[in-house]
Structure formats: structure tokens, C-alpha cells
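Undergrad: Take a look at upload.cif, mmCIF, C-alpha atoms and all ligand atoms:
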data_start
#
loop_
_atom_site.label_atom_id
_atom_site.label_comp_id
_atom_site.auth_asym_id
_atom_site.auth_seq_id
_atom_site.Cartn_x
_atom_site.Cartn_y
_atom_site.Cartn_z
CA MET A 13 17.27 26.57 -42.67
CA GLN A 14 14.87 24.03 -41.19
CA ARG A 15 11.33 25.04 -40.29
CA ARG A 16 8.06 23.42 -39.29
CA PHE A 17 5.18 24.10 -41.69
CA GLU A 18 2.09 22.81 -39.87
CA GLN A 19 3.00 19.18 -39.08
CA ILE A 20 5.81 18.97 -41.65
CA GLU A 21 9.48 19.80 -41.10
CA LEU A 22 11.07 21.17 -44.28
CA GLU A 23 14.38 22.66 -45.34
CA TYR A 24 13.71 26.03 -46.93
CA ALA A 25 15.48 29.23 -47.94
CA GLU A 26 14.44 32.63 -49.15
CA ALA A 27 15.99 35.76 -50.60
CA GLY A 28 14.89 39.16 -51.92
CA GLN A 29 11.73 41.19 -51.70
CA GLY A 30 8.75 41.76 -53.97
CA PRO A 31 6.16 39.49 -55.55
CA VAL A 32 6.81 35.90 -54.49
CA VAL A 33 8.37 33.22 -56.71
CA LEU A 34 8.28 29.66 -55.35
CA LEU A 35 10.86 27.30 -56.88
CA LEU A 36 10.17 23.53 -56.99
CA HIS A 37 13.18 21.33 -57.71
CA GLY A 38 13.53 18.14 -59.76
CA PHE A 39 14.09 14.52 -58.76
CA ALA A 40 17.49 13.53 -57.35
CA CYS A 41 17.97 17.15 -56.33
CA ASP A 42 17.12 19.46 -53.47
CA LEU A 43 16.78 23.20 -53.05
CA ARG A 44 20.42 23.65 -54.09
CA MET A 45 19.28 22.98 -57.65
CA TRP A 46 18.37 26.68 -57.87
CA ASP A 47 21.67 28.04 -56.54
CA ASP A 48 22.60 29.61 -59.90
CA ASN A 49 19.22 31.27 -60.34
CA VAL A 50 18.29 32.82 -57.02
CA ALA A 51 20.61 35.85 -56.85
CA GLN A 52 19.42 37.35 -60.11
CA LEU A 53 15.75 36.61 -59.42
CA ALA A 54 16.04 38.06 -55.92
CA GLU A 55 16.94 41.47 -57.34
CA LYS A 56 13.25 41.90 -58.17
CA PHE A 57 11.36 39.15 -56.36
CA ARG A 58 11.03 37.38 -53.03
CA VAL A 59 12.35 33.96 -53.96
CA VAL A 60 11.29 31.02 -51.79
CA ARG A 61 12.50 27.45 -52.24
CA PHE A 62 12.32 24.28 -50.20
CA SER A 63 13.49 20.68 -50.38
CA PHE A 64 10.74 18.12 -50.89
CA ARG A 65 10.19 15.50 -48.19
CA GLY A 66 13.04 13.02 -48.21
CA ALA A 67 15.35 15.36 -50.19
CA GLY A 68 18.17 17.56 -48.90
CA ALA A 69 17.68 18.16 -45.18
CA SER A 70 13.89 17.63 -45.27
CA PRO A 71 12.88 14.46 -43.38
CA LEU A 72 10.93 11.83 -45.31
CA ASP A 73 8.05 11.38 -42.87
CA GLY A 74 6.36 8.36 -44.54
CA ASN A 75 5.08 7.84 -48.04
CA PHE A 76 4.05 10.75 -50.23
CA SER A 77 2.36 11.40 -53.55
CA ILE A 78 2.96 14.25 -55.98
CA ASP A 79 -0.27 15.79 -54.65
CA ASP A 80 1.21 15.67 -51.12
CA LEU A 81 4.20 17.66 -52.35
CA ALA A 82 1.84 20.23 -53.90
CA ASP A 83 0.12 20.49 -50.52
CA ASP A 84 3.52 20.97 -48.89
CA ALA A 85 4.10 23.90 -51.25
CA LEU A 86 0.84 25.37 -50.00
CA ARG A 87 1.95 24.77 -46.38
CA VAL A 88 5.13 26.72 -47.10
CA LEU A 89 3.12 29.64 -48.52
CA ASP A 90 0.70 29.53 -45.58
CA GLY A 91 3.53 29.30 -43.05
CA LEU A 92 5.23 32.34 -44.56
CA LYS A 93 1.87 34.17 -44.88
CA ILE A 94 2.19 34.46 -48.65
CA PRO A 95 -1.21 34.77 -50.36
CA LEU A 96 -0.02 34.48 -53.96
CA ALA A 97 3.09 33.11 -55.68
CA ALA A 98 4.46 32.44 -59.13
CA ILE A 99 5.14 28.69 -59.18
CA VAL A 100 8.25 27.54 -61.06
CA GLY A 101 8.77 23.78 -61.27
CA LEU A 102 11.46 21.81 -63.08
CA SER A 103 10.74 18.21 -64.13
CA MET A 104 9.41 16.49 -60.98
CA GLY A 105 8.94 20.03 -59.67
CA GLY A 106 6.82 20.59 -62.77
CA TYR A 107 4.66 17.59 -61.88
CA VAL A 108 4.21 19.18 -58.46
CA ALA A 109 3.47 22.56 -60.04
CA LEU A 110 0.74 21.01 -62.20
CA ALA A 111 -0.75 19.32 -59.13
CA PHE A 112 -0.60 22.70 -57.35
CA ALA A 113 -2.38 24.32 -60.32
CA ARG A 114 -5.16 21.75 -60.01
CA ARG A 115 -5.48 21.90 -56.23
CA HIS A 116 -4.60 25.47 -55.28
CA ALA A 117 -5.10 27.59 -58.41
CA ALA A 118 -6.28 30.61 -56.44
CA ARG A 119 -2.80 30.89 -54.83
CA MET A 120 -0.92 30.99 -58.15
CA SER A 121 -0.06 34.29 -59.87
CA ALA A 122 1.90 32.69 -62.73
CA LEU A 123 3.22 29.29 -63.74
CA VAL A 124 6.56 28.29 -65.26
CA LEU A 125 6.90 24.66 -66.37
CA VAL A 126 10.55 23.79 -66.96
CA ASP A 127 11.70 20.58 -68.67
CA THR A 128 8.58 18.72 -67.63
CA LYS A 129 5.42 17.19 -69.03
CA ALA A 130 1.75 16.65 -68.24
CA ALA A 131 1.50 13.03 -69.38
CA ALA A 132 1.72 10.13 -66.93
CA ASP A 133 4.51 7.54 -67.14
CA SER A 134 4.35 5.13 -70.07
CA ASP A 135 4.73 1.42 -69.32
CA ALA A 136 8.38 1.69 -70.35
CA ALA A 137 8.89 4.65 -67.99
CA LYS A 138 7.23 2.71 -65.16
CA ALA A 139 9.60 -0.20 -65.78
CA MET A 140 12.53 2.26 -65.56
CA ARG A 141 11.21 3.52 -62.21
CA ASP A 142 11.10 -0.07 -60.94
CA GLN A 143 14.68 -0.61 -62.07
CA GLY A 144 15.68 2.62 -60.32
CA VAL A 145 14.04 1.45 -57.09
CA GLN A 146 15.85 -1.91 -57.32
CA LEU A 147 19.18 -0.24 -58.02
CA ILE A 148 18.85 2.01 -54.96
CA GLU A 149 17.61 -0.81 -52.74
CA GLN A 150 20.55 -2.97 -53.77
CA TYR A 151 23.42 -0.52 -54.15
CA GLY A 152 22.24 2.79 -52.66
CA ALA A 153 21.61 6.27 -54.01
CA ARG A 154 25.25 6.79 -54.98
CA ALA A 155 24.95 4.06 -57.65
CA PHE A 156 21.81 5.71 -59.02
CA ALA A 157 23.42 9.15 -58.90
CA ALA A 158 26.27 7.93 -61.10
CA THR A 159 23.78 7.47 -63.96
CA VAL A 160 22.17 10.89 -63.60
CA PRO A 161 24.50 13.30 -65.47
CA GLU A 162 24.45 11.20 -68.61
CA ARG A 163 20.66 10.95 -68.68
CA LEU A 164 19.90 14.54 -67.75
CA LEU A 165 22.63 16.74 -69.20
CA ALA A 166 23.39 17.52 -72.82
CA PRO A 167 26.56 15.84 -74.17
CA SER A 168 28.21 19.29 -74.27
CA ALA A 169 27.85 19.83 -70.48
CA ASN A 170 31.26 20.35 -68.87
CA ALA A 171 32.93 18.06 -66.32
CA VAL A 172 32.44 20.48 -63.41
CA LEU A 173 28.67 20.60 -63.94
CA ARG A 174 28.53 16.80 -64.40
CA GLU A 175 30.26 16.28 -61.08
CA ARG A 176 28.05 18.85 -59.34
CA VAL A 177 24.87 17.20 -60.63
CA ARG A 178 26.15 13.73 -59.73
CA GLU A 179 26.99 14.87 -56.22
CA MET A 180 23.61 16.58 -55.72
CA ALA A 181 21.87 13.41 -56.95
CA VAL A 182 23.14 11.52 -53.90
CA GLN A 183 19.99 12.01 -51.86
CA PRO A 184 18.69 9.82 -48.98
CA ASP A 185 17.87 6.32 -50.31
CA ALA A 186 14.37 6.14 -48.86
CA GLY A 187 13.48 9.61 -50.13
CA MET A 188 14.60 8.73 -53.66
CA ILE A 189 12.66 5.46 -53.65
CA THR A 190 9.51 7.19 -52.42
CA ALA A 191 9.88 9.92 -55.04
CA LEU A 192 10.33 7.34 -57.82
CA LYS A 193 7.14 5.59 -56.70
CA ALA A 194 5.28 8.91 -56.47
CA MET A 195 6.30 9.85 -60.03
CA ARG A 196 5.36 6.37 -61.26
CA ALA A 197 1.87 6.74 -59.75
CA ARG A 198 1.20 10.31 -60.87
CA PRO A 199 -1.89 10.85 -63.04
CA ASP A 200 -2.04 12.17 -66.59
CA ARG A 201 -2.78 15.87 -66.22
CA THR A 202 -3.16 16.66 -69.92
CA ARG A 203 -6.90 17.27 -69.71
CA GLU A 204 -6.45 19.68 -66.80
CA LEU A 205 -4.16 22.00 -68.76
CA SER A 206 -7.01 23.89 -70.43
CA LEU A 207 -8.27 24.89 -66.95
CA ILE A 208 -5.13 26.86 -66.12
CA ARG A 209 -5.96 30.57 -66.05
CA CYS A 210 -2.75 32.30 -64.99
CA PRO A 211 0.08 33.48 -67.29
CA THR A 212 2.15 30.42 -68.18
CA LEU A 213 5.56 29.87 -69.73
CA CYS A 214 7.07 26.51 -70.71
CA VAL A 215 10.89 26.43 -70.83
CA VAL A 216 12.78 23.45 -72.22
CA GLY A 217 16.29 22.49 -73.28
CA GLU A 218 16.60 21.75 -76.98
CA ASN A 219 18.39 18.47 -76.24
CA ASP A 220 16.24 17.36 -73.30
CA ILE A 221 15.73 13.65 -73.99
CA LEU A 222 13.60 12.99 -70.90
CA THR A 223 10.95 15.66 -71.51
CA PRO A 224 11.74 16.92 -75.02
CA PRO A 225 10.56 20.21 -76.59
CA GLU A 226 7.52 18.44 -78.13
CA GLU A 227 6.19 17.94 -74.60
CA ALA A 228 6.52 21.67 -73.86
CA HIS A 229 4.78 22.58 -77.12
CA ALA A 230 2.02 20.04 -76.41
CA MET A 231 1.40 21.53 -72.95
CA ALA A 232 1.48 25.12 -74.21
CA ALA A 233 -0.99 24.29 -76.98
CA ARG A 234 -3.56 23.35 -74.32
CA ILE A 235 -2.92 26.11 -71.76
CA PRO A 236 -4.70 29.34 -72.75
CA GLY A 237 -2.13 31.99 -73.76
CA ALA A 238 0.91 29.88 -72.79
CA ARG A 239 4.24 30.42 -74.50
CA VAL A 240 7.28 28.20 -75.05
CA HIS A 241 10.95 29.10 -74.87
CA VAL A 242 13.45 26.52 -76.11
CA ILE A 243 17.01 26.97 -74.83
CA PRO A 244 19.45 25.76 -77.49
CA HIS A 245 22.17 23.15 -76.93
CA VAL A 246 21.15 22.14 -73.39
CA GLY A 247 19.48 19.10 -71.87
CA HIS A 248 17.02 18.43 -69.05
CA MET A 249 18.61 20.72 -66.46
CA SER A 250 18.34 23.91 -68.44
CA ASN A 251 18.53 26.14 -65.34
CA LEU A 252 21.98 24.74 -64.53
CA GLU A 253 23.25 24.13 -68.05
CA ALA A 254 22.44 27.63 -69.34
CA PRO A 255 21.84 29.75 -66.22
CA THR A 256 22.36 33.08 -67.96
CA GLU A 257 19.73 32.47 -70.63
CA PHE A 258 17.43 30.71 -68.19
CA ASN A 259 17.57 33.60 -65.71
CA THR A 260 16.97 36.17 -68.43
CA VAL A 261 13.95 34.31 -69.80
CA LEU A 262 12.47 33.77 -66.36
CA LEU A 263 13.05 37.37 -65.27
CA ASP A 264 11.57 38.76 -68.49
CA PHE A 265 8.46 36.63 -68.11
CA LEU A 266 7.96 37.26 -64.39
CA SER A 267 8.68 40.99 -64.71
CA THR A 268 6.14 41.34 -67.52
CA GLU A 269 3.49 39.31 -65.72
CA LEU A 270 4.02 40.37 -62.10
CA LEU A 271 5.63 43.82 -62.13
CA ALA A 272 4.40 45.59 -65.25
CA ARG A 273 0.69 45.18 -64.56
C1 LIG B 1 13.40 14.93 -62.71
O1 LIG B 1 14.38 15.45 -63.27
O2 LIG B 1 12.72 15.51 -61.86
C2 LIG B 1 13.03 13.53 -63.06
O3 LIG B 1 14.07 12.91 -63.74
C3 LIG B 1 11.77 13.48 -63.83
C4 LIG B 1 11.34 12.11 -64.17
O4 LIG B 1 12.08 11.15 -63.96
O5 LIG B 1 10.21 11.97 -64.67
#
Can you turn what I pasted into C-alpha cells?

TA:
Amino acid sequence: MQRRFEQIELEYAEAGQGPVVLLLHGFACDLRMWDDNVAQLAEKFRVVRFSFRGAGASPLDGNFSIDDLADDALRVLDGLKIPLAAIVGLSMGGYVALAFARRHAARMSALVLVDTKAAADSDAAKAMRDQGVQLIEQYGARAFAATVPERLLAPSANAVLRERVREMAVQPDAGMITALKAMRARPDRTRELSLIRCPTLCVVGENDILTPPEEAHAMAARIPGARVHVIPHVGHMSNLEAPTEFNTVLLDFLSTELLAR
């Protein structure tokens, strides 16, 4: 469904009732990234998700930064009259979640950082972003998407999931380029982690080569009371590679923090 949130048009979807959980997807994805997670979560929670600007059916509407996407998340909450939400962000969605934690902490009931990190891009990572931009400019998003399953999924991921991830990674060219530039420019948020005051869980795939378990442990060590859950045998897209374990871990955490109190 398409909806205007203040001046921004965004694709969004929601399901269920109860305390609100807002899901923030990764790069080269859109709100469909959570398709395997919503039904189970929605048994206990009101689950809201949207596609970032320039992803899925959300129009690009000019340049954006990671902070802009965090402000869009706030616009979605405001538009739906939601005072408080648990923020769950995977990878780029995690960068947005950390920006949200910095900018809108009072609206966050809990935080789940999935396969993500607080550090900024290294010089090598910035060079990879530039190569990604060139590839898309020259050959289009489909060429970039072809490289995605191998980089993001564990070697054990099956062919059906590989194809699904490759297909979802074909996002609008301009949106992908803008997102790559936004990730390249994002600040190091490591020093902000100690300011987070809500219950926090870091989830990571054991074989995530992009944001490995050490990153999750490093974040959790700085966030007061944060815990880490490592999902064995999966890569960067742990919610899709091991949906059953991912859903159980997320539900356990959110139920303890949002329902049992
Ligand atoms: C993502 O999965 O959101 C991105 O690959 C993260 C990144 O490139 O830093």
C-alpha cells in the first residue's frame, strides 16, 4: 500500500495488533525482505514495515542520507499515530535504526540490531561503494543484483533463496545509487552506543562476512544491558536464511521486553 507521510510518499504495510514493531530493511531490498517474519510476529504485535525512499514502490524524491531515512521512520510512526515502537533494523536498516536511536530515542521501546554494525565505512568499503555505483550506472541494477546472493548469503543457502534474494535486489537504479552514497557517507556511531537506554538485542549470522559476529559483540559491549544472539550456519540475511530461529529469537526478546512488563 502507498501512503503519504507528511511530504513523503512511501510504500508501507502492517499486520497484527499489540505493541508496535517497526521493521527496517537492508540495502538492495524493500519491505518484502520481512515476508517470512511478519506472520509469526503479528500474532502478538502490530508489525509495521515500509520501503525506504527509492526502494520497492517508494519514490526516490531526491538525495537522502541515513539520517533522512531515520526521520522517515519517525514520519511513519507519526502518520500512524504510534507513540512508541520497537525498532528492528537489518544491515542498512540497522544503520537507520542507530540513527533513529540517536535522533528519536524517546519513541523507541526496544532495539534489535540485525547483521549490522556501528562503525563507518573503511576506505576499502568506500572504494567498494564507488565500484557499486559505477556498475549500476554502466550496466544497471540487475548487474549489481547478480553479485548479491554470493556476498550476502552463506554458502549453504539453497538455490530458491538465492534466486529470491537476487530478484529482490533488482531495485530502481537511482535508488540503489543514492543508498550506496548514503551508506558511504554515514558517520561512525560507536561512541553513541553507550547512550542507548532501551532493551537491545544484537542478532547476527555466524557466517556473516559483511558484518561478522565480532561487530555484534563489539556493539553489545558498549550498549548497556545489550545481548547477542548468533544464528549458526547462516550469513548476512539471517532473517531469510533461518526464519524459524530468527522469529523465535525476536519473539522471545520482544515478548519479554514489551509484553511481560
Ligand atoms: C545491507 O545489507 O543493507 C548492505 O549490504 C549493508 C552494507 O553494504 O553496508

Undergrad: From the set A:Gly74, A:Pro167, A:Pro211, A:Gly247, which residue has the shortest atom-to-atom contact distance to ligand LIG 1 (chain B), counting all atoms listed in the file?

TA: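 Looking at the shortest contact to ligand LIG 1 (chain B), the residue is A:Gly247.
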
Undergrad: Measuring atom to atom with all atoms listed in the file, identify which of A:Ser103, A:Thr128, A:Thr268, A:Thr202 is nearest to ligand LIG 1 (chain B).

TA: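 Smallest distance to ligand LIG 1 (chain B) is found for A:Ser103.
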
Undergrad: Using only C-alpha atoms, which protein or nucleic acid residues come within 8 Å of A:Leu34? Drop anything in the same chain fewer than 6 positions from it, and give the result as an mmCIF file with C-alpha atoms, in the frame of the given file.

TA:
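Result went into selection.cif, see below:
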data_model
loop_
_atom_site.group_PDB
_atom_site.id
_atom_site.type_symbol
_atom_site.label_atom_id
_atom_site.label_comp_id
_atom_site.auth_asym_id
_atom_site.auth_seq_id
_atom_site.Cartn_x
_atom_site.Cartn_y
_atom_site.Cartn_z
ATOM 1 C CA VAL A 59 12.350 33.960 -53.960
ATOM 2 C CA VAL A 60 11.290 31.020 -51.790
ATOM 3 C CA ARG A 61 12.500 27.450 -52.240
ATOM 4 C CA ALA A 97 3.090 33.110 -55.680
ATOM 5 C CA ALA A 98 4.460 32.440 -59.130
ATOM 6 C CA ILE A 99 5.140 28.690 -59.180
ATOM 7 C CA VAL A 100 8.250 27.540 -61.060
#

Undergrad: Taking all atoms listed in the file into account, list the residues no farther than 6 Å from ligand LIG 1 (chain B), as a PyMOL selection string.

TA: chain A and resi 38-39+103-104

Undergrad: Which residues are close to A:Gly68, i.e. within 10 Å by all atoms listed in the file, leaving aside same-chain residues fewer than 4 positions away? Reply as a list in words.

TA: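 Neighbouring residues, sequence-local ones excluded: Leu22, Glu23, Tyr24, Ala40, Cys41, Asp42, Leu43, Arg44, Phe62, Ser63, Phe64, Leu72, Met180, Ala181, Val182, Gln183, Pro184 and Gly187 of chain A.
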
Undergrad: Mind giving me the straight-line distance from atom CA of A:Pro225 to atom CA of A:His245 in Å, one decimal?

TA: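 These atoms are spaced 12.0 Å apart.
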
Undergrad: List the neighbours of stretch 49-54 of chain A out to 9 Å using only C-alpha atoms; skip same-chain residues closer than 5 positions along the sequence, and give me the result as a list in words.

TA: Glu26, Ala27, Gly28, Gln29, Gly30, Val33, Val59, Val60, Asn251, Leu252, Pro255, Thr256, Phe258, Asn259, Thr260, Leu262 and Leu263 of chain A

Undergrad: Calculated over only C-alpha atoms, which of the candidates A:Ala186, A:Phe17, A:Lys138, A:Tyr151 has the smallest distance to A:Lys93?

TA: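 Going through A:Ala186, A:Phe17, A:Lys138, A:Tyr151 one by one, the smallest distance to A:Lys93 is for A:Phe17.
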
Undergrad: Could you name the residues that touch A:Ala228 at 8 Å or less, counting all atoms listed in the file, but leaving out those on the same chain fewer than 5 positions away, as a list in words?

TA: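 Selected residues are Asp127, Thr128, Lys129, Cys214, Val215, Val216, Thr223 and Val240 of chain A.
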
Undergrad: What is the atom CA of A:Gly144-atom CA of A:Phe112 distance in Å, reported with one decimal?

TA: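 So the answer is 26.0 Å.
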
Undergrad: Between atom CA of A:Ala122 and atom CA of A:Gly101, what is the spacing in Å?

TA: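 Atom-to-atom, atom CA of A:Gly101 to atom CA of A:Ala122, that is 11.3 Å.
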
Undergrad: Would you list the residues near (27.2, 18.9, -70.2), meaning any protein, DNA or RNA residue with an atom at most 12 Å from that point in file coordinates, counting all atoms listed in the file, as a PyMOL selection string?

TA: chain A and resi 160-178+217+219-220+245-250+252-254

Undergrad: Kindly reconstruct stretch 206-217 of chain A with all heavy atoms and present the result as a short mmCIF file (atom, residue, chain, number, x, y, z; two decimals), in the frame of the given file.

TA:
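Wrote result24.cif, looks like this:
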data_model
loop_
_atom_site.label_atom_id
_atom_site.label_comp_id
_atom_site.auth_asym_id
_atom_site.auth_seq_id
_atom_site.Cartn_x
_atom_site.Cartn_y
_atom_site.Cartn_z
N SER A 206 -6.15 22.83 -69.88
CA SER A 206 -7.01 23.89 -70.43
C SER A 206 -7.71 24.69 -69.32
O SER A 206 -8.29 25.73 -69.57
CB SER A 206 -8.04 23.30 -71.38
OG SER A 206 -8.89 22.44 -70.64
N LEU A 207 -7.63 24.18 -68.08
CA LEU A 207 -8.27 24.89 -66.95
C LEU A 207 -7.35 25.94 -66.33
O LEU A 207 -7.79 26.73 -65.50
CB LEU A 207 -8.68 23.88 -65.87
CG LEU A 207 -9.60 22.75 -66.32
CD1 LEU A 207 -9.80 21.74 -65.20
CD2 LEU A 207 -10.95 23.33 -66.77
N ILE A 208 -6.08 25.91 -66.73
CA ILE A 208 -5.13 26.86 -66.12
C ILE A 208 -5.44 28.27 -66.62
O ILE A 208 -5.58 28.49 -67.83
CB ILE A 208 -3.67 26.44 -66.44
CG1 ILE A 208 -3.36 25.10 -65.76
CG2 ILE A 208 -2.68 27.53 -66.02
CD1 ILE A 208 -2.04 24.48 -66.13
N ARG A 209 -5.53 29.22 -65.69
CA ARG A 209 -5.96 30.57 -66.05
C ARG A 209 -4.89 31.63 -65.81
O ARG A 209 -5.11 32.80 -66.10
CB ARG A 209 -7.22 30.95 -65.24
CG ARG A 209 -8.47 30.19 -65.67
CD ARG A 209 -8.94 30.67 -67.06
NE ARG A 209 -10.04 29.88 -67.56
CZ ARG A 209 -9.91 28.78 -68.32
NH1 ARG A 209 -8.71 28.37 -68.68
NH2 ARG A 209 -10.96 28.11 -68.74
N CYS A 210 -3.75 31.25 -65.25
CA CYS A 210 -2.75 32.30 -64.99
C CYS A 210 -1.72 32.32 -66.13
O CYS A 210 -1.62 31.37 -66.90
CB CYS A 210 -2.06 32.03 -63.64
SG CYS A 210 -1.11 30.53 -63.63
N PRO A 211 -0.95 33.42 -66.25
CA PRO A 211 0.08 33.48 -67.29
C PRO A 211 1.05 32.31 -67.14
O PRO A 211 1.50 32.02 -66.03
CB PRO A 211 0.79 34.81 -67.00
CG PRO A 211 -0.15 35.61 -66.16
CD PRO A 211 -0.99 34.62 -65.41
N THR A 212 1.33 31.64 -68.25
CA THR A 212 2.15 30.42 -68.18
C THR A 212 3.25 30.44 -69.24
O THR A 212 3.01 30.82 -70.39
CB THR A 212 1.27 29.16 -68.39
OG1 THR A 212 0.26 29.15 -67.38
CG2 THR A 212 2.08 27.89 -68.30
N LEU A 213 4.43 30.01 -68.82
CA LEU A 213 5.56 29.87 -69.73
C LEU A 213 6.12 28.45 -69.60
O LEU A 213 6.30 27.97 -68.48
CB LEU A 213 6.66 30.89 -69.37
CG LEU A 213 7.96 30.79 -70.17
CD1 LEU A 213 7.75 31.18 -71.63
CD2 LEU A 213 9.04 31.66 -69.53
N CYS A 214 6.39 27.81 -70.73
CA CYS A 214 7.07 26.51 -70.71
C CYS A 214 8.50 26.73 -71.22
O CYS A 214 8.70 27.32 -72.29
CB CYS A 214 6.36 25.51 -71.63
SG CYS A 214 4.64 25.23 -71.18
N VAL A 215 9.48 26.29 -70.45
CA VAL A 215 10.89 26.43 -70.83
C VAL A 215 11.45 25.02 -70.98
O VAL A 215 11.18 24.15 -70.14
CB VAL A 215 11.68 27.19 -69.74
CG1 VAL A 215 13.15 27.35 -70.15
CG2 VAL A 215 11.06 28.56 -69.47
N VAL A 216 12.25 24.81 -72.02
CA VAL A 216 12.78 23.45 -72.22
C VAL A 216 14.12 23.52 -72.95
O VAL A 216 14.34 24.39 -73.79
CB VAL A 216 11.77 22.58 -73.02
CG1 VAL A 216 11.49 23.13 -74.40
CG2 VAL A 216 12.21 21.13 -73.08
N GLY A 217 15.01 22.60 -72.58
CA GLY A 217 16.29 22.49 -73.28
C GLY A 217 16.09 21.80 -74.63
O GLY A 217 15.38 20.79 -74.70
#
